[in-house]
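Trainee: I am sharing query_29.csv, which consists of CSV, C-alpha atoms:
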```csv
chain,number,residue,atom,x,y,z
O,117,MET,CA,-15.3,-112.4,-206.9
O,118,PRO,CA,-18.4,-114.3,-205.6
O,119,TYR,CA,-17.3,-113.2,-202.1
O,120,LEU,CA,-18.3,-109.6,-202.9
O,121,PHE,CA,-22.0,-110.7,-203.4
O,122,THR,CA,-22.7,-111.5,-199.8
O,123,LYS,CA,-24.8,-109.9,-197.0
O,124,GLN,CA,-21.7,-108.8,-195.1
O,125,ASN,CA,-20.8,-106.5,-198.0
O,126,LEU,CA,-24.1,-104.6,-197.9
O,127,TRP,CA,-22.1,-101.6,-196.7
O,128,LEU,CA,-20.0,-101.6,-199.9
O,129,PHE,CA,-22.9,-101.6,-202.2
O,130,LEU,CA,-24.6,-98.8,-200.4
O,131,ILE,CA,-21.4,-96.7,-200.6
O,132,LEU,CA,-21.1,-97.4,-204.3
O,133,ILE,CA,-24.8,-96.6,-204.9
O,134,THR,CA,-24.6,-93.4,-202.9
O,135,SER,CA,-21.5,-92.4,-204.9
O,136,LEU,CA,-23.4,-92.9,-208.2
O,137,PHE,CA,-26.2,-90.7,-206.9
O,138,LEU,CA,-23.8,-88.0,-205.9
O,139,PHE,CA,-22.0,-88.2,-209.2
O,140,THR,CA,-25.2,-88.0,-211.1
O,141,GLY,CA,-26.4,-85.0,-209.1
O,142,GLU,CA,-23.1,-83.2,-209.6
O,143,VAL,CA,-23.4,-83.7,-213.4
O,144,ILE,CA,-27.1,-82.8,-213.7
O,145,ASN,CA,-26.7,-79.7,-211.6
O,146,GLY,CA,-23.6,-78.5,-213.5
O,147,ARG,CA,-21.4,-78.8,-210.3
O,148,PHE,CA,-18.9,-81.4,-211.5
O,149,TYR,CA,-15.9,-79.1,-211.1
O,150,MET,CA,-13.1,-81.0,-209.2
O,151,HIS,CA,-11.0,-77.8,-209.3
O,152,ASP,CA,-8.3,-79.2,-207.1
O,153,PHE,CA,-7.9,-82.3,-209.3
O,154,GLU,CA,-7.7,-80.1,-212.3
O,155,VAL,CA,-4.7,-78.3,-210.7
O,156,TYR,CA,-3.0,-81.7,-210.3
O,157,TYR,CA,-3.9,-82.7,-213.8
O,158,LYS,CA,-2.5,-79.6,-215.4
O,159,THR,CA,0.6,-79.7,-213.2
O,160,ALA,CA,1.3,-83.3,-214.0
O,161,ASN,CA,1.3,-82.5,-217.7
O,162,ARG,CA,3.7,-79.6,-217.1
O,163,PHE,CA,5.9,-81.8,-215.0
O,164,LEU,CA,6.0,-84.4,-217.7
O,165,HIS,CA,7.3,-81.8,-220.2
O,166,GLY,CA,9.7,-80.1,-217.8
O,167,GLN,CA,7.7,-76.8,-217.6
O,168,GLU,CA,7.2,-74.2,-214.9
O,169,LEU,CA,4.8,-75.4,-212.1
O,170,TYR,CA,4.3,-72.5,-209.8
O,171,ARG,CA,2.5,-69.1,-209.9
O,172,LEU,CA,1.4,-69.2,-213.5
O,173,LYS,CA,-0.9,-66.3,-214.4
O,174,GLU,CA,-3.2,-68.4,-216.5
O,175,ASP,CA,-4.0,-70.5,-213.4
O,176,GLY,CA,-5.6,-67.6,-211.6
O,177,HIS,CA,-6.8,-68.6,-208.1
O,178,PHE,CA,-6.2,-72.3,-208.6
O,179,VAL,CA,-2.4,-72.4,-208.3
O,180,PHE,CA,-0.3,-75.5,-207.5
O,181,LYS,CA,1.0,-75.4,-203.9
O,182,TYR,CA,2.4,-78.8,-203.4
O,183,SER,CA,5.8,-80.5,-203.9
O,184,PRO,CA,7.2,-81.2,-207.4
O,185,THR,CA,7.2,-84.9,-206.6
O,186,SER,CA,3.5,-84.9,-205.9
O,187,ALA,CA,2.9,-83.9,-209.6
O,188,PHE,CA,4.7,-87.1,-210.6
O,189,TYR,CA,2.0,-89.2,-208.9
O,190,PHE,CA,-0.7,-87.8,-211.2
O,191,ILE,CA,1.1,-88.5,-214.5
O,192,PRO,CA,-0.9,-91.7,-215.3
O,193,LEU,CA,-4.2,-89.7,-215.0
O,194,SER,CA,-2.7,-86.8,-217.0
O,195,LEU,CA,-2.3,-89.1,-220.0
O,196,LEU,CA,-6.1,-89.4,-220.3
O,197,PRO,CA,-8.4,-86.6,-221.6
O,198,TYR,CA,-9.5,-84.4,-218.7
O,199,SER,CA,-13.2,-85.3,-219.2
O,200,VAL,CA,-12.2,-88.9,-218.6
O,201,ALA,CA,-9.6,-88.4,-216.0
O,202,ASN,CA,-11.8,-86.5,-213.6
O,203,VAL,CA,-14.5,-89.3,-213.7
O,204,VAL,CA,-11.8,-91.9,-213.2
O,205,PHE,CA,-10.4,-89.9,-210.2
O,206,TRP,CA,-13.9,-89.6,-208.7
O,207,PHE,CA,-14.5,-93.3,-208.6
O,208,LEU,CA,-10.9,-94.1,-207.7
O,209,LEU,CA,-11.5,-92.0,-204.6
O,210,ILE,CA,-14.6,-94.0,-203.8
O,211,ILE,CA,-12.8,-97.3,-204.2
O,212,ILE,CA,-9.9,-96.0,-202.0
O,213,PHE,CA,-12.4,-94.9,-199.3
O,214,ALA,CA,-14.1,-98.3,-199.3
O,215,LEU,CA,-10.7,-100.2,-199.1
O,216,THR,CA,-9.5,-97.9,-196.4
O,217,LEU,CA,-12.6,-98.4,-194.3
O,218,TYR,CA,-12.4,-102.2,-194.7
O,219,THR,CA,-8.7,-102.4,-194.0
O,220,PHE,CA,-9.0,-100.4,-190.8
O,221,TYR,CA,-12.0,-102.4,-189.6
O,222,LYS,CA,-9.9,-105.5,-190.0
O,223,LEU,CA,-7.1,-103.9,-188.1
O,224,SER,CA,-9.3,-102.9,-185.2
O,225,GLY,CA,-9.6,-105.3,-182.3
O,226,ARG,CA,-13.0,-107.0,-182.5
O,227,GLY,CA,-13.2,-109.0,-179.2
O,228,GLU,CA,-16.4,-109.5,-177.3
O,229,GLN,CA,-18.7,-109.3,-180.3
O,230,GLU,CA,-22.2,-108.5,-179.4
O,231,LEU,CA,-23.4,-109.0,-183.0
O,232,PRO,CA,-22.7,-111.7,-185.6
O,233,ILE,CA,-19.5,-110.7,-187.5
O,234,GLU,CA,-21.4,-110.1,-190.8
O,235,GLN,CA,-24.0,-107.8,-189.1
O,236,LYS,CA,-21.3,-106.1,-187.1
O,237,GLN,CA,-19.2,-105.3,-190.2
O,238,ASN,CA,-22.2,-103.7,-192.0
O,239,THR,CA,-23.2,-101.8,-188.9
O,240,VAL,CA,-19.7,-100.4,-188.2
O,241,LEU,CA,-18.9,-99.5,-191.8
O,242,LEU,CA,-22.3,-98.0,-192.6
O,243,LEU,CA,-22.4,-95.9,-189.5
O,244,THR,CA,-18.8,-94.7,-190.3
O,245,PHE,CA,-19.9,-93.9,-193.8
O,246,LEU,CA,-22.8,-91.8,-192.6
O,247,THR,CA,-20.5,-89.9,-190.3
O,248,ALA,CA,-18.0,-89.2,-193.1
O,249,VAL,CA,-20.3,-88.7,-196.1
O,250,THR,CA,-20.5,-84.9,-195.7
O,251,HIS,CA,-16.8,-84.5,-195.8
O,252,LEU,CA,-16.5,-87.3,-198.4
O,253,HIS,CA,-18.9,-85.4,-200.8
O,254,ARG,CA,-16.9,-82.2,-200.4
O,255,GLU,CA,-13.7,-84.1,-201.0
O,256,LEU,CA,-15.1,-85.6,-204.2
O,257,HIS,CA,-16.7,-82.3,-205.3
O,258,LEU,CA,-13.3,-80.5,-205.1
O,259,GLY,CA,-11.2,-83.5,-206.2
O,260,GLN,CA,-8.9,-83.1,-203.2
O,261,VAL,CA,-6.3,-85.5,-201.9
O,262,ASN,CA,-7.1,-86.0,-198.2
O,263,LEU,CA,-8.6,-89.4,-199.0
O,264,LEU,CA,-5.4,-90.4,-200.6
O,265,LEU,CA,-3.5,-89.4,-197.5
O,266,LEU,CA,-5.9,-91.2,-195.2
O,267,ALA,CA,-5.4,-94.4,-197.3
O,268,LEU,CA,-1.6,-94.0,-197.2
O,269,TYR,CA,-1.7,-93.6,-193.4
O,270,VAL,CA,-4.0,-96.6,-192.8
O,271,PHE,CA,-2.0,-98.9,-195.1
O,272,MET,CA,1.1,-97.7,-193.4
O,273,LEU,CA,-0.3,-98.7,-190.0
O,274,GLN,CA,-1.3,-102.1,-191.5
O,275,ASN,CA,2.3,-102.7,-192.6
O,276,LEU,CA,3.6,-101.6,-189.2
O,277,VAL,CA,1.3,-104.1,-187.5
O,278,PHE,CA,2.7,-106.9,-189.7
O,279,LYS,CA,6.3,-105.5,-189.2
O,280,LYS,CA,6.7,-104.7,-192.9
O,281,TYR,CA,8.8,-101.6,-192.1
O,282,LYS,CA,10.1,-101.0,-195.6
O,283,THR,CA,6.6,-100.7,-197.1
O,284,ALA,CA,5.4,-98.7,-194.1
O,285,GLY,CA,8.3,-96.3,-194.7
O,286,PHE,CA,7.6,-96.0,-198.4
O,287,LEU,CA,3.9,-95.2,-197.8
O,288,LEU,CA,4.6,-92.6,-195.2
O,289,ALA,CA,7.4,-91.0,-197.4
O,290,THR,CA,5.0,-90.9,-200.3
O,291,SER,CA,2.4,-89.1,-198.3
O,292,LEU,CA,4.8,-86.4,-197.1
O,293,PHE,CA,5.3,-85.1,-200.7
O,294,ILE,CA,1.5,-84.6,-201.0
O,295,LYS,CA,1.1,-82.8,-197.7
O,296,PRO,CA,3.5,-82.9,-194.7
O,297,PHE,CA,0.8,-84.0,-192.2
O,298,GLY,CA,2.5,-87.4,-191.9
O,299,LEU,CA,5.4,-85.8,-190.0
O,300,ILE,CA,3.4,-86.5,-186.9
O,301,PHE,CA,4.3,-90.1,-187.2
O,302,LEU,CA,8.1,-89.6,-187.0
O,303,PRO,CA,8.3,-88.8,-183.3
O,304,TYR,CA,5.9,-91.8,-182.8
O,305,PHE,CA,8.3,-94.1,-184.6
O,306,PHE,CA,11.0,-92.9,-182.2
O,307,LEU,CA,8.8,-93.4,-179.1
O,308,ARG,CA,7.7,-96.9,-180.1
O,309,LYS,CA,11.3,-97.7,-181.1
O,310,LYS,CA,10.4,-98.5,-184.7
O,311,ALA,CA,13.9,-97.6,-185.9
O,312,LYS,CA,13.5,-99.6,-189.1
O,313,ALA,CA,10.3,-97.7,-190.1
O,314,LEU,CA,11.9,-94.4,-189.3
O,315,PHE,CA,15.1,-95.3,-191.3
O,316,TYR,CA,13.1,-96.5,-194.4
O,317,THR,CA,10.9,-93.4,-194.3
O,318,LEU,CA,14.0,-91.1,-194.4
O,319,ILE,CA,15.6,-93.2,-197.1
O,320,PHE,CA,12.5,-93.0,-199.3
O,321,VAL,CA,12.1,-89.3,-198.7
O,322,GLY,CA,15.6,-88.8,-200.1
O,323,VAL,CA,14.8,-91.0,-203.1
O,324,LEU,CA,11.4,-89.5,-203.9
O,325,SER,CA,12.8,-85.9,-203.6
O,326,LEU,CA,15.1,-86.7,-206.5
O,327,VAL,CA,12.3,-87.8,-208.8
O,328,PRO,CA,12.0,-84.3,-210.5
O,329,LEU,CA,15.6,-84.8,-211.8
O,330,LEU,CA,14.1,-87.3,-214.3
O,331,PHE,CA,12.1,-84.5,-216.0
O,332,TYR,CA,14.2,-81.4,-215.0
O,333,PRO,CA,17.7,-82.5,-215.7
O,334,GLY,CA,20.5,-80.4,-214.3
O,335,LEU,CA,21.1,-78.9,-210.9
O,336,THR,CA,20.0,-75.4,-211.8
O,337,ALA,CA,16.5,-76.5,-213.0
O,338,PHE,CA,16.1,-78.9,-210.0
O,339,LYS,CA,17.1,-76.2,-207.5
O,340,HIS,CA,14.8,-73.6,-209.2
O,341,LEU,CA,11.9,-76.0,-208.8
O,342,TYR,CA,12.4,-76.5,-205.1
O,343,ILE,CA,13.0,-72.8,-204.4
O,344,ASN,CA,9.7,-72.0,-206.1
O,345,TRP,CA,8.0,-74.6,-204.0
O,346,PHE,CA,9.4,-73.2,-200.8
O,347,GLN,CA,8.3,-69.7,-201.8
O,348,GLU,CA,4.8,-71.1,-202.4
O,349,LEU,CA,4.8,-72.7,-198.9
O,350,ALA,CA,5.8,-69.4,-197.4
O,351,VAL,CA,2.9,-67.6,-199.1
O,352,GLU,CA,0.5,-70.4,-198.0
O,353,LEU,CA,1.6,-70.1,-194.4
O,354,LYS,CA,1.2,-66.3,-194.3
O,355,ALA,CA,-2.4,-66.7,-195.6
O,356,LYS,CA,-3.5,-69.0,-192.8
O,357,GLN,CA,-6.3,-67.9,-190.5
O,358,SER,CA,-5.5,-66.1,-187.2
O,359,LEU,CA,-5.8,-68.0,-184.0
O,360,LEU,CA,-9.1,-66.5,-182.8
O,361,GLU,CA,-10.8,-66.3,-186.2
O,362,PRO,CA,-14.2,-68.2,-186.5
O,363,GLY,CA,-13.8,-71.2,-188.7
O,364,ASN,CA,-10.3,-71.9,-187.6
O,365,HIS,CA,-10.9,-75.6,-186.6
O,366,THR,CA,-7.6,-76.3,-184.8
O,367,ILE,CA,-7.8,-77.3,-181.2
O,368,PHE,CA,-5.6,-74.3,-180.3
O,369,SER,CA,-8.2,-71.9,-181.8
O,370,VAL,CA,-11.3,-73.7,-180.3
O,371,VAL,CA,-9.9,-73.9,-176.8
O,372,ALA,CA,-8.9,-70.2,-176.9
O,373,ARG,CA,-12.1,-69.0,-178.4
O,374,TYR,CA,-14.3,-70.7,-175.9
O,375,THR,CA,-12.4,-70.0,-172.8
O,376,PRO,CA,-11.0,-66.8,-171.1
O,377,LEU,CA,-7.6,-67.7,-172.8
O,378,GLN,CA,-8.8,-65.5,-175.7
O,379,TYR,CA,-7.9,-62.5,-173.6
O,380,LEU,CA,-4.4,-63.7,-173.0
O,381,VAL,CA,-3.4,-64.6,-176.6
O,382,ASP,CA,-4.0,-61.2,-178.2
O,383,ASN,CA,-0.4,-60.9,-179.5
O,384,ALA,CA,1.9,-63.0,-181.6
O,385,ILE,CA,4.3,-64.0,-178.8
O,386,ALA,CA,1.5,-65.0,-176.3
O,387,ALA,CA,-0.3,-66.9,-179.0
O,388,LYS,CA,2.9,-68.9,-179.8
O,389,VAL,CA,3.6,-69.7,-176.1
O,390,TYR,CA,0.0,-70.8,-175.7
O,391,GLN,CA,0.2,-73.1,-178.8
O,392,LEU,CA,3.5,-74.6,-177.7
O,393,THR,CA,2.1,-75.2,-174.2
O,394,MET,CA,-1.1,-76.9,-175.6
O,395,LEU,CA,1.1,-79.0,-177.9
O,396,ALA,CA,3.2,-80.1,-175.0
O,397,LEU,CA,0.2,-81.0,-172.9
O,398,ILE,CA,-1.3,-83.1,-175.8
O,399,GLY,CA,2.1,-84.8,-176.3
O,400,ILE,CA,2.3,-85.7,-172.6
O,401,SER,CA,-1.3,-87.1,-172.6
O,402,PHE,CA,-0.4,-89.2,-175.7
O,403,LEU,CA,2.7,-90.5,-173.9
O,404,PHE,CA,0.4,-91.6,-171.1
O,405,PHE,CA,-1.9,-93.2,-173.7
O,406,ILE,CA,1.0,-95.2,-175.1
O,407,LYS,CA,2.1,-96.3,-171.6
O,408,LYS,CA,-1.4,-97.6,-170.9
O,409,GLY,CA,-1.4,-99.6,-174.1
O,410,ASN,CA,1.7,-101.7,-173.4
O,411,SER,CA,-0.5,-104.7,-172.5
O,412,ALA,CA,-2.6,-104.4,-175.7
O,413,LYS,CA,-2.0,-106.9,-178.5
O,414,GLN,CA,-2.0,-104.3,-181.2
O,415,PRO,CA,-1.4,-100.9,-179.5
O,416,ILE,CA,-0.3,-99.4,-182.8
O,417,VAL,CA,-3.8,-99.5,-184.2
O,418,ALA,CA,-5.4,-97.2,-181.7
O,419,GLU,CA,-2.4,-95.0,-181.3
O,420,GLY,CA,-2.1,-94.5,-185.1
O,421,ALA,CA,-5.8,-93.7,-185.3
O,422,ILE,CA,-5.4,-91.0,-182.7
O,423,LEU,CA,-2.4,-89.5,-184.5
O,424,ILE,CA,-4.4,-89.4,-187.8
O,425,CYS,CA,-7.4,-87.8,-186.0
O,426,LEU,CA,-5.1,-85.1,-184.5
O,427,ILE,CA,-4.0,-83.8,-187.9
O,428,PRO,CA,-7.0,-81.5,-188.6
O,429,LEU,CA,-6.8,-80.4,-185.0
O,430,PHE,CA,-3.2,-79.3,-185.4
O,431,ALA,CA,-3.1,-78.0,-188.9
O,432,VAL,CA,-5.3,-75.1,-190.4
O,433,THR,CA,-6.9,-76.9,-193.2
O,434,SER,CA,-10.3,-77.5,-194.9
O,435,MET,CA,-13.3,-79.0,-193.1
O,436,ASN,CA,-13.2,-82.2,-195.2
O,437,ALA,CA,-9.8,-83.0,-193.6
O,438,PHE,CA,-12.0,-84.3,-190.7
O,439,LEU,CA,-12.2,-87.4,-192.7
O,440,PHE,CA,-9.0,-88.2,-190.7
O,441,ALA,CA,-11.3,-89.0,-187.8
O,442,VAL,CA,-12.6,-92.0,-189.6
O,443,PRO,CA,-10.1,-94.6,-188.2
O,444,CYS,CA,-11.1,-93.5,-184.6
O,445,VAL,CA,-14.8,-93.8,-185.5
O,446,VAL,CA,-14.3,-97.3,-186.9
O,447,PHE,CA,-12.2,-98.4,-183.9
O,448,LEU,CA,-14.9,-97.2,-181.4
O,449,LEU,CA,-17.8,-98.6,-183.3
O,450,SER,CA,-16.1,-102.0,-183.7
O,451,GLN,CA,-15.7,-102.1,-179.9
O,452,VAL,CA,-18.9,-100.4,-178.9
O,453,ALA,CA,-19.8,-103.4,-176.6
O,454,ARG,CA,-17.0,-102.2,-174.3
O,455,LEU,CA,-18.6,-98.8,-173.9
O,456,ARG,CA,-21.0,-97.9,-171.1
O,457,THR,CA,-24.3,-96.1,-171.9
O,458,PHE,CA,-22.9,-92.6,-171.4
O,459,ALA,CA,-20.0,-93.4,-173.6
O,460,LYS,CA,-22.3,-94.7,-176.3
O,461,VAL,CA,-24.2,-91.4,-176.1
O,462,MET,CA,-21.0,-89.5,-176.4
O,463,LEU,CA,-20.0,-91.5,-179.4
O,464,ALA,CA,-23.3,-90.8,-181.1
O,465,ALA,CA,-22.9,-87.1,-180.3
O,466,GLY,CA,-19.3,-87.1,-181.6
O,467,CYS,CA,-20.4,-88.7,-184.9
O,468,VAL,CA,-23.3,-86.2,-185.3
O,469,LEU,CA,-21.0,-83.2,-184.7
O,470,LEU,CA,-18.4,-84.6,-187.1
O,471,GLY,CA,-20.8,-85.3,-190.0
O,472,GLY,CA,-24.2,-83.7,-189.2
O,473,ASN,CA,-23.4,-80.2,-190.6
O,474,ASN,CA,-24.6,-81.2,-194.1
O,475,TYR,CA,-25.3,-78.2,-196.4
O,476,ASP,CA,-28.3,-79.9,-198.0
O,477,LEU,CA,-29.8,-80.8,-194.7
O,478,VAL,CA,-29.3,-77.7,-192.6
O,479,GLY,CA,-29.3,-75.0,-195.3
O,480,ARG,CA,-26.7,-72.5,-196.3
O,481,ARG,CA,-27.1,-70.1,-193.3
O,482,ASN,CA,-27.1,-72.8,-190.6
O,483,PHE,CA,-24.2,-74.5,-192.4
O,484,MET,CA,-22.1,-71.4,-192.2
O,485,VAL,CA,-23.0,-70.7,-188.6
O,486,LEU,CA,-22.1,-74.3,-187.5
O,487,GLU,CA,-18.9,-74.3,-189.5
O,488,ASP,CA,-17.8,-71.0,-187.8
O,489,LEU,CA,-18.6,-72.6,-184.5
O,490,SER,CA,-16.2,-75.4,-185.4
O,491,VAL,CA,-18.6,-78.2,-184.6
O,492,TYR,CA,-16.3,-80.7,-186.4
O,493,THR,CA,-13.6,-79.9,-183.8
O,494,PHE,CA,-15.9,-80.6,-180.9
O,495,GLY,CA,-16.9,-83.9,-182.6
O,496,ALA,CA,-13.2,-84.9,-183.0
O,497,ILE,CA,-12.4,-84.0,-179.4
O,498,LEU,CA,-15.3,-86.2,-178.2
O,499,ILE,CA,-14.1,-89.1,-180.3
O,500,LEU,CA,-10.5,-88.7,-179.1
O,501,GLY,CA,-11.8,-88.6,-175.5
O,502,LEU,CA,-13.6,-91.9,-176.0
O,503,MET,CA,-10.4,-93.4,-177.4
O,504,TYR,CA,-8.6,-92.5,-174.2
O,505,TYR,CA,-11.6,-93.8,-172.1
O,506,LEU,CA,-11.5,-97.1,-173.9
O,507,ARG,CA,-7.7,-97.5,-173.6
O,508,PHE,CA,-7.8,-96.8,-169.8
O,509,LYS,CA,-10.8,-99.0,-169.4
O,510,LYS,CA,-9.1,-101.9,-171.2
O,511,SER,CA,-5.9,-101.4,-169.2
O,512,LYS,CA,-7.8,-101.9,-166.0
O,513,LEU,CA,-9.9,-104.9,-167.2
O,514,GLU,CA,-7.4,-106.9,-169.3
O,515,PRO,CA,-4.6,-109.0,-167.9
O,516,LYS,CA,-1.1,-108.6,-169.3
O,517,ALA,CA,-0.9,-110.2,-172.7
O,518,ASN,CA,1.5,-112.9,-173.6
O,519,PRO,CA,4.7,-111.1,-174.6
O,520,GLU,CA,5.1,-113.4,-177.6
O,521,ALA,CA,1.6,-112.4,-178.8
O,522,THR,CA,2.1,-108.7,-178.2
O,523,ILE,CA,3.5,-106.4,-180.9
O,524,VAL,CA,6.5,-105.0,-179.0
O,525,PRO,CA,8.9,-102.3,-180.0
O,526,THR,CA,11.7,-103.5,-182.1
```
Go through the file and emit its structure as C-alpha cells.

Mentor:
Amino acid sequence: MPYLFTKQNLWLFLILITSLFLFTGEVINGRFYMHDFEVYYKTANRFLHGQELYRLKEDGHFVFKYSPTSAFYFIPLSLLPYSVANVVFWFLLIIIFALTLYTFYKLSGRGEQELPIEQKQNTVLLLTFLTAVTHLHRELHLGQVNLLLLALYVFMLQNLVFKKYKTAGFLLATSLFIKPFGLIFLPYFFLRKKAKALFYTLIFVGVLSLVPLLFYPGLTAFKHLYINWFQELAVELKAKQSLLEPGNHTIFSVVARYTPLQYLVDNAIAAKVYQLTMLALIGISFLFFIKKGNSAKQPIVAEGAILICLIPLFAVTSMNAFLFAVPCVVFLLSQVARLRTFAKVMLAAGCVLLGGNNYDLVGRRNFMVLEDLSVYTFGAILILGLMYYLRFKKSKLEPKANPEATIVPT
C-alpha cells in the first residue's frame, strides 16, 4: 500500500481526482444517467430469474442487444440497489481504466529512456489520459462496456506475452460475448502460430455459450434465447450507417468520402467490393508489419495494440470506442525518444484529433461538425502510421535478437 503514495503514481491520483470531479458534475447537473448500464442491470435481473431478455415493450429505446451470456457477467451488480450499483460501476470503470493503462505501459518496450522512469511513467500515462478523457467521460456517462473490452484485450495480451495461453483464451472468449470485436485476434493467433491460445479460446467460447442453461433449463428455452439474440443482431446490422454517411467513422467510409472513390461505391455491390479490397490491403500491410517484427523481443505487444486500434476503424460503433487507440498511444509515448521531430509532431496531432473534440471545450455546434468529419478516424490513422514507422525504424536499427530472448511462435 505505501507504494501507491509515491511521485511516480501522480498520474493515478490525477485520474482519480478527475473522475471525482466528473462524477460530482454529473450528479449536480442531473446527468447521471448511465442508460447502457441500466440496460445490463435490468437484463441481469431478468436473466437471474429466467425471464425474457429481448424486445420488451417497457424498455422502449433502450433494449438489450447483446448475448445472453453477457447478462450473466452483471449478476453481482444486479444484486445491489440500482442507485448503488451505478455508482459502483462508475468507479469500477475508473479503476479498470487505470489498471489497463498501467499494465500496457509495463508491457511496452521502454528502452533508451530519455527521462527518469518515475517521470516517464507520469508523462506517458498523463498524456494518454488527456488523449482519452473525452471518450472516457462519454463512456462513463452512458455506462458502456468498451472499457471492459479494452481491459480484457490488454490483459489477454499480457498473458500471451507470458505464454499463459489458457488465461489468454479465457479472457478473449469472455470478451466475445460482450461484443464480437475480439474476433480480430483469431486470425492473428493463427498467423503467429499461437495454437494453444486459439484452442483455449474456442473451448471457452463453447463453455460460456452454455452458461444460460443454468438459468434457462431445457433445450427449448435455451434455443429460444439464442434465436431472439440472433434476431436482435440482424436488426442492429440493418440499422447501421451507410458507407458515405457523415459520422460513419470506419476507415472504409472516411477513405471513400474524402477521395474520388465516393463516385464508384454508389451501389451495394460496388461498396462491398471496395470494402473487401480495403480489408485485404490492410491485412497485407499487417502481414508486412508482423514480418518486420520478427527480430523484436516482444512483437505481440505492438501487434496487439494495432489490432485493438483497428476495431473502431472496422466496425460502425460509437465515438467512445476510439478508447481502443489507447494502447497505441501508450506504446508510442513510451518510446517517444525513438521518434524524429516530424514524427513527434504527428504523434501530437494524432492525440489532439483523437481526444480534442471535447463538447465542453468546442461547443455543441463545433462538436457535431468535427464528429461528422470523423476527426477521430484521422487521429487513429496517424497513430497507426506512427506504429508502422516505429516498427520499420527499429527493424533497420536493431540487430537480430537472441532467439532465446525472443518471444517466438509456439

Trainee: From the list O:Phe305, O:Tyr189, O:Phe430, O:Phe404, which residue is nearest O:His365 when using only C-alpha atoms?

Mentor: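 Residue with the minimum atom-to-atom distance to O:His365: O:Phe430.
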
Trainee: Measure the distance from atom CA of O:Leu395 to atom CA of O:Phe320 in Å and round it to one decimal.

Mentor: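 These atoms are spaced 28.0 Å apart.
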
Trainee: Considering all atoms listed in the file, tabulate each residue of stretch 244-344 of chain O that lies at most 9 Å from stretch 425-428 of chain O along with its nearest interatomic pair and the corresponding distance in Å to one decimal; arrange the rows by chain and ascending residue number and present them as a tab-separated table.

Mentor:
```
residue	atom	partner	partner_atom	distance
O:Phe297	CA	O:Ile427	CA	6.4
O:Gly298	CA	O:Ile427	CA	8.4
O:Ile300	CA	O:Ile427	CA	7.9
```

Trainee: May I have the residues within 8 Å of stretch 195-205 of chain O as a ChimeraX atom specification, using all atoms listed in the file and disregarding those fewer than 6 positions away in the same chain?

Mentor: /O:150,153-154,157,161,259

Trainee: May I ask which of the residues O:Leu439, O:Phe447, O:Leu380, O:Glu487 is the closest one to O:Thr247, counting only C-alpha atoms?

Mentor: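 Closest candidate: O:Leu439.
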
Trainee: Name the closest residue to O:Lys295 among the candidates O:Leu164, O:Ala372, O:Ala431, O:Leu486; distances are taken between atoms, counting all atoms listed in the file.

Mentor: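 The shortest atom-to-atom distance to O:Lys295 comes from O:Ala431.
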
Trainee: Which residue gives the smallest distance to O:Ala160 among O:Gly409, O:Pro192, O:Pro333, O:Gly466, with all atoms listed in the file counted?

Mentor: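 Closest to O:Ala160 of all the choices is O:Pro192.
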
Trainee: Would you list the contacts of O:Tyr390 as a PyMOL selection string, taking every protein, DNA or RNA residue within 12 Å and counting only C-alpha atoms, but skipping same-chain residues closer than 6 positions in sequence?

Mentor: chain O and resi 359+367-369+371-372+377-384+396-397

Trainee: Counting only C-alpha atoms, which residue out of O:Lys222, O:Leu138, O:Ala214, O:Glu352 sits closest to O:Phe180?

Mentor: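 Checking each of O:Lys222, O:Leu138, O:Ala214, O:Glu352 against O:Phe180, counting only C-alpha atoms, the winner is O:Glu352.
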
Trainee: Go through O:Leu498, O:Val155, O:Leu263, O:Ile133 one by one, measure the shortest atom-to-atom distance of each to O:Gly176 using only C-alpha atoms, and give the residue with the smallest value.

Mentor: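 Nearest candidate to O:Gly176 out of O:Leu498, O:Val155, O:Leu263, O:Ile133: O:Val155.
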